[in-house]
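Coordinates from structure-v1.cif are shown below (mmCIF, C-alpha atoms).
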data_entry
#
loop_
_atom_site.label_atom_id
_atom_site.label_comp_id
_atom_site.auth_asym_id
_atom_site.auth_seq_id
_atom_site.Cartn_x
_atom_site.Cartn_y
_atom_site.Cartn_z
CA MET A 1 0.47 -29.45 -7.96
CA LEU A 2 -2.47 -27.03 -8.11
CA LYS A 3 -2.80 -27.32 -11.88
CA LYS A 4 -4.90 -30.48 -11.61
CA TYR A 5 -7.69 -28.54 -9.82
CA ILE A 6 -9.61 -27.00 -12.70
CA ASP A 7 -11.56 -24.65 -10.43
CA ILE A 8 -8.44 -23.15 -8.81
CA GLN A 9 -6.66 -20.23 -10.43
CA VAL A 10 -3.31 -18.97 -9.13
CA VAL A 11 -3.61 -15.19 -9.32
CA SER A 12 -0.37 -14.12 -7.63
CA ILE A 13 2.91 -15.49 -6.22
CA HIS A 14 5.09 -13.58 -3.77
CA TYR A 15 8.21 -14.15 -1.71
CA ASN A 16 7.72 -11.81 1.24
CA PRO A 17 4.74 -10.38 3.17
CA VAL A 18 5.53 -6.73 2.39
CA GLU A 19 5.20 -7.43 -1.33
CA ALA A 20 2.18 -9.69 -0.89
CA LEU A 21 -0.02 -7.57 1.39
CA PRO A 22 -1.12 -4.87 -1.09
CA GLN A 23 -1.89 -7.55 -3.70
CA ILE A 24 -3.97 -9.54 -1.21
CA ILE A 25 -5.93 -6.40 -0.32
CA GLU A 26 -6.41 -5.56 -4.00
CA LEU A 27 -7.24 -9.04 -5.34
CA GLU A 28 -9.12 -10.39 -2.30
CA PRO A 29 -8.15 -14.03 -3.01
CA ASP A 30 -10.24 -16.86 -1.59
CA LEU A 31 -7.23 -18.91 -0.54
CA LEU A 32 -3.63 -18.25 0.43
CA PHE A 33 -0.81 -20.81 0.70
CA LEU A 34 1.58 -19.42 3.28
CA ASP A 35 5.06 -20.38 4.45
CA ILE A 36 6.32 -19.85 8.01
CA GLN A 37 9.85 -18.53 7.56
CA MET A 38 9.72 -15.37 5.43
CA PRO A 39 11.70 -12.10 5.37
CA GLY A 40 10.35 -9.21 7.39
CA MET A 41 7.51 -11.10 9.11
CA ASN A 42 6.91 -14.79 9.71
CA GLY A 43 3.84 -16.51 8.35
CA LEU A 44 2.15 -16.87 11.75
CA GLU A 45 2.30 -13.11 12.37
CA PHE A 46 1.19 -12.44 8.79
CA ALA A 47 -1.83 -14.73 9.12
CA LYS A 48 -2.98 -12.89 12.24
CA LYS A 49 -2.55 -9.55 10.44
CA LEU A 50 -4.63 -10.73 7.47
CA ASN A 51 -7.44 -11.71 9.80
CA GLN A 52 -8.07 -7.99 10.37
CA MET A 53 -9.33 -7.71 6.76
CA SER A 54 -13.08 -7.49 6.24
CA HIS A 55 -12.88 -10.58 3.98
CA PRO A 56 -9.64 -12.42 4.86
CA PRO A 57 -8.54 -15.32 2.65
CA LEU A 58 -8.59 -18.88 3.89
CA ILE A 59 -5.04 -19.90 4.76
CA ILE A 60 -3.19 -23.16 4.25
CA PHE A 61 0.29 -23.24 5.78
CA SER A 62 2.84 -25.15 3.72
CA THR A 63 6.19 -25.42 5.47
CA ALA A 64 8.96 -27.80 6.45
CA PHE A 65 8.77 -26.74 10.10
CA HIS A 66 6.65 -29.31 11.96
CA GLU A 67 7.13 -27.58 15.31
CA HIS A 68 4.92 -24.66 14.27
CA ALA A 69 1.87 -26.80 13.54
CA LEU A 70 0.18 -26.29 16.91
CA GLU A 71 0.82 -22.55 16.92
CA ALA A 72 -0.54 -22.30 13.37
CA PHE A 73 -3.96 -23.44 14.51
CA HIS A 74 -4.18 -20.39 16.77
CA THR A 75 -4.28 -18.35 13.55
CA PRO A 76 -7.08 -18.28 10.91
CA ALA A 77 -5.40 -21.21 9.09
CA VAL A 78 -7.66 -24.05 7.95
CA PHE A 79 -4.92 -26.61 7.17
CA TYR A 80 -1.23 -27.27 7.78
CA LEU A 81 0.82 -29.04 5.08
CA THR A 82 4.37 -30.17 5.78
CA LYS A 83 6.98 -30.39 3.03
CA PRO A 84 7.47 -32.43 0.97
CA ILE A 85 3.76 -32.04 0.29
CA LEU A 86 1.90 -35.27 -0.43
CA GLU A 87 -0.77 -35.17 -3.12
CA SER A 88 -3.25 -36.93 -0.84
CA LYS A 89 -2.72 -34.32 1.89
CA LEU A 90 -3.18 -31.50 -0.61
CA ASP A 91 -6.43 -33.14 -1.73
CA ASP A 92 -7.62 -33.18 1.88
CA ALA A 93 -6.73 -29.50 2.28
CA ILE A 94 -8.58 -28.47 -0.88
CA LYS A 95 -11.65 -30.51 0.12
CA LYS A 96 -11.73 -28.72 3.46
CA VAL A 97 -11.45 -25.32 1.76
CA LYS A 98 -14.34 -26.13 -0.60
CA SER A 99 -16.45 -27.36 2.30
CA LEU A 100 -15.86 -24.11 4.19
CA GLN A 101 -16.67 -22.06 1.08
CA ASN A 102 -19.95 -23.94 0.56
CA LYS A 103 -20.95 -23.28 4.18
CA LYS A 104 -20.11 -19.59 3.71
CA LYS A 105 -22.28 -19.38 0.57
CA ILE A 106 -25.23 -20.84 2.45
CA HIS A 107 -24.68 -18.35 5.26
CA ASP A 108 -24.31 -15.40 2.87
CA HIS A 109 -27.61 -16.23 1.17
CA LYS A 110 -29.55 -15.99 4.42
CA PRO A 111 -31.74 -12.88 4.41
CA ILE A 112 -30.27 -9.94 6.29
CA PRO A 113 -32.75 -8.59 8.82
CA VAL A 114 -33.77 -5.00 8.10
CA VAL A 115 -35.90 -2.98 10.50
CA ASP A 116 -37.87 -0.22 8.74
CA ASP A 117 -35.09 0.16 6.13
CA TYR A 118 -32.64 1.69 8.59
CA VAL A 119 -28.90 1.21 9.06
CA CYS A 120 -26.84 2.61 11.90
CA VAL A 121 -23.76 4.84 11.99
CA ARG A 122 -21.51 5.92 14.84
CA LYS A 123 -21.16 9.62 15.64
CA ASN A 124 -19.46 11.06 18.74
CA ASN A 125 -19.69 7.71 20.55
CA LYS A 126 -23.41 7.52 19.77
CA ILE A 127 -25.25 5.11 17.47
CA ILE A 128 -27.57 6.91 15.05
CA PRO A 129 -30.16 5.18 12.80
CA VAL A 130 -30.20 6.41 9.21
CA ASN A 131 -33.05 5.77 6.80
CA VAL A 132 -31.58 4.20 3.66
CA SER A 133 -33.42 6.73 1.49
CA GLU A 134 -31.21 9.46 3.03
CA ILE A 135 -27.97 7.77 1.97
CA LEU A 136 -26.20 9.53 -0.90
CA PHE A 137 -23.30 7.10 -1.16
CA ALA A 138 -21.14 4.77 0.90
CA PHE A 139 -17.46 4.00 0.61
CA VAL A 140 -14.59 2.06 2.15
CA LYS A 141 -11.48 3.88 3.33
CA ASP A 142 -8.66 2.29 5.33
CA ARG A 143 -10.84 -0.83 5.68
CA GLU A 144 -13.62 1.17 7.38
CA LEU A 145 -17.10 1.71 5.91
CA TYR A 146 -18.46 5.24 5.77
CA ILE A 147 -22.00 6.35 4.94
CA ALA A 148 -22.66 9.80 3.51
CA THR A 149 -25.93 11.72 3.81
CA LEU A 150 -26.64 15.41 3.20
CA ASP A 151 -25.81 16.11 6.84
CA MET A 152 -22.89 13.85 7.68
CA ILE A 153 -20.29 11.26 6.75
CA GLU A 154 -19.91 8.71 9.53
CA LYS A 155 -18.58 5.19 10.13
CA CYS A 156 -20.83 2.16 9.90
CA ASP A 157 -20.09 -1.22 11.49
CA LEU A 158 -21.42 -3.19 8.52
CA SER A 159 -19.22 -4.41 5.69
CA LEU A 160 -19.79 -2.86 2.27
CA ASN A 161 -21.20 -6.19 1.03
CA GLU A 162 -23.71 -6.30 3.91
CA LEU A 163 -24.76 -2.70 3.28
CA GLU A 164 -25.08 -3.37 -0.46
CA ALA A 165 -27.42 -6.30 0.23
CA ILE A 166 -29.67 -4.00 2.26
CA LEU A 167 -29.59 -1.14 -0.23
CA ASN A 168 -30.23 -3.40 -3.23
CA LYS A 169 -33.76 -4.03 -1.93
CA THR A 170 -34.66 -0.41 -2.72
CA GLY A 171 -33.67 -0.60 -6.40
CA SER A 172 -32.09 2.86 -6.13
CA PHE A 173 -28.49 1.94 -5.29
CA PHE A 174 -25.64 0.62 -7.41
CA ARG A 175 -22.19 -0.79 -6.60
CA CYS A 176 -20.22 1.26 -9.13
CA HIS A 177 -16.78 0.31 -7.80
CA ARG A 178 -15.38 -2.22 -5.37
CA ASN A 179 -15.16 0.56 -2.75
CA TYR A 180 -18.31 2.56 -3.56
CA VAL A 181 -22.10 2.21 -3.54
CA ILE A 182 -24.08 5.17 -4.87
CA ASN A 183 -27.69 6.32 -4.76
CA LEU A 184 -28.67 6.62 -8.42
CA LYS A 185 -31.27 9.25 -7.54
CA GLN A 186 -28.53 11.49 -6.11
CA ILE A 187 -26.29 11.71 -9.19
CA LYS A 188 -25.77 15.34 -10.22
CA GLU A 189 -23.86 14.68 -13.45
CA MET A 190 -21.50 12.25 -15.17
CA THR A 191 -18.28 13.00 -17.04
CA PRO A 192 -16.67 10.60 -19.57
CA TRP A 193 -13.41 9.36 -18.04
CA PHE A 194 -10.52 7.00 -18.71
CA HIS A 195 -11.06 3.72 -20.62
CA ASN A 196 -14.66 4.61 -21.61
CA THR A 197 -15.79 4.88 -17.98
CA TYR A 198 -17.53 7.70 -16.12
CA LEU A 199 -16.65 9.96 -13.23
CA ILE A 200 -19.84 10.58 -11.27
CA LYS A 201 -20.49 13.83 -9.43
CA MET A 202 -22.86 13.36 -6.51
CA ASN A 203 -25.53 15.76 -5.32
CA ASP A 204 -23.89 16.65 -1.98
CA ASP A 205 -22.41 19.99 -0.91
CA LYS A 206 -18.89 18.90 -1.90
CA GLN A 207 -20.13 17.43 -5.18
CA THR A 208 -18.09 14.32 -4.42
CA GLU A 209 -16.63 12.61 -7.49
CA ILE A 210 -16.87 8.82 -7.62
CA PRO A 211 -15.47 6.56 -10.38
CA VAL A 212 -17.32 3.80 -12.18
CA SER A 213 -14.98 0.85 -12.67
CA ARG A 214 -14.64 -0.72 -16.12
CA GLY A 215 -16.17 -3.97 -14.94
CA LYS A 216 -19.31 -2.16 -13.78
CA MET A 217 -19.88 -0.05 -16.88
CA LYS A 218 -22.30 -2.38 -18.71
CA ALA A 219 -24.54 -2.81 -15.68
CA PHE A 220 -24.35 0.93 -14.95
CA ARG A 221 -25.44 1.84 -18.47
CA ASN A 222 -28.31 -0.62 -18.23
CA MET A 223 -29.42 0.83 -14.88
CA LEU A 224 -29.56 4.36 -16.32
CA ASN A 225 -30.65 3.40 -19.86
CA LEU A 226 -27.49 4.95 -21.32
#
Would you give me this structure, written as structure tokens?
Amino acid sequence: MLKKYIDIQVVSIHYNPVEALPQIIELEPDLLFLDIQMPGMNGLEFAKKLNQMSHPPLIIFSTAFHEHALEAFHTPAVFYLTKPILESKLDDAIKKVKSLQNKKKIHDHKPIPVVDDYVCVRKNNKIIPVNVSEILFAFVKDRELYIATLDMIEKCDLSLNELEAILNKTGSFFRCHRNYVINLKQIKEMTPWFHNTYLIKMNDDKQTEIPVSRGKMKAFRNMLNL
């Protein structure tokens, strides 16, 4: 039924939450069609778990169980389809998803306020402002954002996308990987790596090694005139 929507691409199909979760984290889909009765964890529990992601997918429940409809709307779901699914109802669901995505795009394009080019990290239950020029790199680990300077590596409450938007204003930072942003001025050296990519060694005490993903290579070469 989804084939008629030319702007929708099905990237993955799974039959239980345990199998689906790592793929959802990896692929970061915009939309997830989710059943209620599934092995290991029901769809309502799974939807609440996914909402802990920094960028959770929009969820449309599609199930034969009418009695769960009210409970479903206490989850991040945006629509509830009952089987057999009517084409008109699916159209309504897709229209709602596109409307929500358009609103999100407008919101995302609003300028992010920056005070004196500082971001804040948390250290020993204290909030510490860090000048962006002091940032060597930033990375995501276990869904938490960390910022590294010469003196520390601490958690930051921003998402990596929000931090990237701030750092991009300086012209010195580059998103070399989905989980990393680096300060180009703090690169110590680069080593050719798998699939014609680079492994970057940063200019910190540990000489942290950070990969450049294949999809970022062209932009990276252009940034450094390679």
(message) I'd like to know which of A:Met202, A:Ala148, A:Ile128, A:Lys98 is closest to Asp7 (chain A), using all atoms listed in the file.
(response) A:Lys98
(request) Please provide the set of residues having any atom within 7 Å of region 210-214 of chain A, restricted to all atoms listed in the file, with same-chain residues fewer than 5 positions apart removed, written as a ChimeraX atom specification. (result) /A:176-177,197-201
If the PyMOL selection byres ((chain A and resi 25) around 10) were run on this exact file, what residues would it hold? Put them as a PDB file with C-alpha atoms, in the coordinates of the input.
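Result file follows (selection.pdb):
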ATOM      1  CA  ALA A  20       2.180  -9.690  -0.890  1.00  0.00           C
ATOM      2  CA  LEU A  21      -0.020  -7.570   1.390  1.00  0.00           C
ATOM      3  CA  PRO A  22      -1.120  -4.870  -1.090  1.00  0.00           C
ATOM      4  CA  GLN A  23      -1.890  -7.550  -3.700  1.00  0.00           C
ATOM      5  CA  ILE A  24      -3.970  -9.540  -1.210  1.00  0.00           C
ATOM      6  CA  GLU A  26      -6.410  -5.560  -4.000  1.00  0.00           C
ATOM      7  CA  LEU A  27      -7.240  -9.040  -5.340  1.00  0.00           C
ATOM      8  CA  GLU A  28      -9.120 -10.390  -2.300  1.00  0.00           C
ATOM      9  CA  PRO A  29      -8.150 -14.030  -3.010  1.00  0.00           C
ATOM     10  CA  LEU A  50      -4.630 -10.730   7.470  1.00  0.00           C
ATOM     11  CA  MET A  53      -9.330  -7.710   6.760  1.00  0.00           C
ATOM     12  CA  SER A  54     -13.080  -7.490   6.240  1.00  0.00           C
ATOM     13  CA  HIS A  55     -12.880 -10.580   3.980  1.00  0.00           C
ATOM     14  CA  PRO A  56      -9.640 -12.420   4.860  1.00  0.00           C
ATOM     15  CA  PRO A  57      -8.540 -15.320   2.650  1.00  0.00           C
ATOM     16  CA  ARG A 143     -10.840  -0.830   5.680  1.00  0.00           C
TER      17      ARG A 143
END
(message) So that I can see what lies close to Ala93 (chain A), please list as a ChimeraX atom specification the residues with an atom at most 12 Å from it, counting all atoms listed in the file and leaving out residues fewer than 2 positions away in the same chain.
(response) /A:2,31-33,58-62,77-82,85-91,95-100
Residues matched by the PyMOL selection byres ((chain A and resi 115-126) around 12) as a compact mmCIF listing (two decimals) with C-alpha atoms, in the frame of the given file:
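The file below, result-v9.txt, is the result:
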# COMPACT_ATOMS: atom_id res chain seq x y z
CA ILE A 112 -30.27 -9.94 6.29
CA PRO A 113 -32.75 -8.59 8.82
CA VAL A 114 -33.77 -5.00 8.10
CA ILE A 127 -25.25 5.11 17.47
CA ILE A 128 -27.57 6.91 15.05
CA PRO A 129 -30.16 5.18 12.80
CA VAL A 130 -30.20 6.41 9.21
CA ASN A 131 -33.05 5.77 6.80
CA VAL A 132 -31.58 4.20 3.66
CA SER A 133 -33.42 6.73 1.49
CA GLU A 134 -31.21 9.46 3.03
CA ILE A 135 -27.97 7.77 1.97
CA ALA A 138 -21.14 4.77 0.90
CA GLU A 144 -13.62 1.17 7.38
CA LEU A 145 -17.10 1.71 5.91
CA TYR A 146 -18.46 5.24 5.77
CA ILE A 147 -22.00 6.35 4.94
CA ALA A 148 -22.66 9.80 3.51
CA THR A 149 -25.93 11.72 3.81
CA ASP A 151 -25.81 16.11 6.84
CA MET A 152 -22.89 13.85 7.68
CA ILE A 153 -20.29 11.26 6.75
CA GLU A 154 -19.91 8.71 9.53
CA LYS A 155 -18.58 5.19 10.13
CA CYS A 156 -20.83 2.16 9.90
CA ASP A 157 -20.09 -1.22 11.49
CA LEU A 158 -21.42 -3.19 8.52
CA SER A 159 -19.22 -4.41 5.69
CA GLU A 162 -23.71 -6.30 3.91
CA LEU A 163 -24.76 -2.70 3.28
CA GLU A 164 -25.08 -3.37 -0.46
CA ALA A 165 -27.42 -6.30 0.23
CA ILE A 166 -29.67 -4.00 2.26
CA LEU A 167 -29.59 -1.14 -0.23
CA ASN A 168 -30.23 -3.40 -3.23
CA LYS A 169 -33.76 -4.03 -1.93
CA THR A 170 -34.66 -0.41 -2.72
(request) State, in Å with one decimal place, the distance from CA of Glu45 (chain A) to CA of Pro84 (chain A). (result)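 Between CA of Glu45 (chain A) and CA of Pro84 (chain A) the gap is 23.0 Å.
What the PyMOL selection byres ((chain A and resi 186) around 12) matches in the given file is Ser133, Glu134, Ile135, Leu136, Phe137, Ala148, Thr149, Leu150, Ser172, Phe173, Phe174, Val181, Ile182, Asn183, Leu184, Lys185, Ile187, Lys188, Glu189, Met190, Ile200, Lys201, Met202, Asn203, Asp204, Asp205, Gln207 and Thr208 of chain A.
Using all atoms listed in the file, the smallest distance between any of A:Lys218, A:His14, A:Trp193, A:Val140 and Tyr180 (chain A) comes from A:Val140.
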(message) Using Å and a single decimal, report how far CA of Phe46 (chain A) sits from CA of Asn161 (chain A).
(response) 24.5 Å
(request) For Gly40 (chain A), list every protein, DNA or RNA residue within 8 Å, evaluated using all atoms listed in the file, and leave out those in the same chain fewer than 2 positions away; present the list as a ChimeraX atom specification. (result) /A:16-18,38,42
Create the file for the chosen residues now, containing C-alpha atoms and written as a compact mmCIF listing (two decimals), in the frame of the given file.
# COMPACT_ATOMS: atom_id res chain seq x y z
CA ASN A 16 7.72 -11.81 1.24
CA PRO A 17 4.74 -10.38 3.17
CA VAL A 18 5.53 -6.73 2.39
CA MET A 38 9.72 -15.37 5.43
CA ASN A 42 6.91 -14.79 9.71
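A straight line drawn from CA of Lys141 (chain A) to CA of Lys103 (chain A) is 28.8 Å long.
Considering the residues A:Leu160, A:Met217, A:Leu44, A:Leu226 and counting all atoms listed in the file, Asn196 (chain A) has its shortest atom-to-atom contact with A:Met217.
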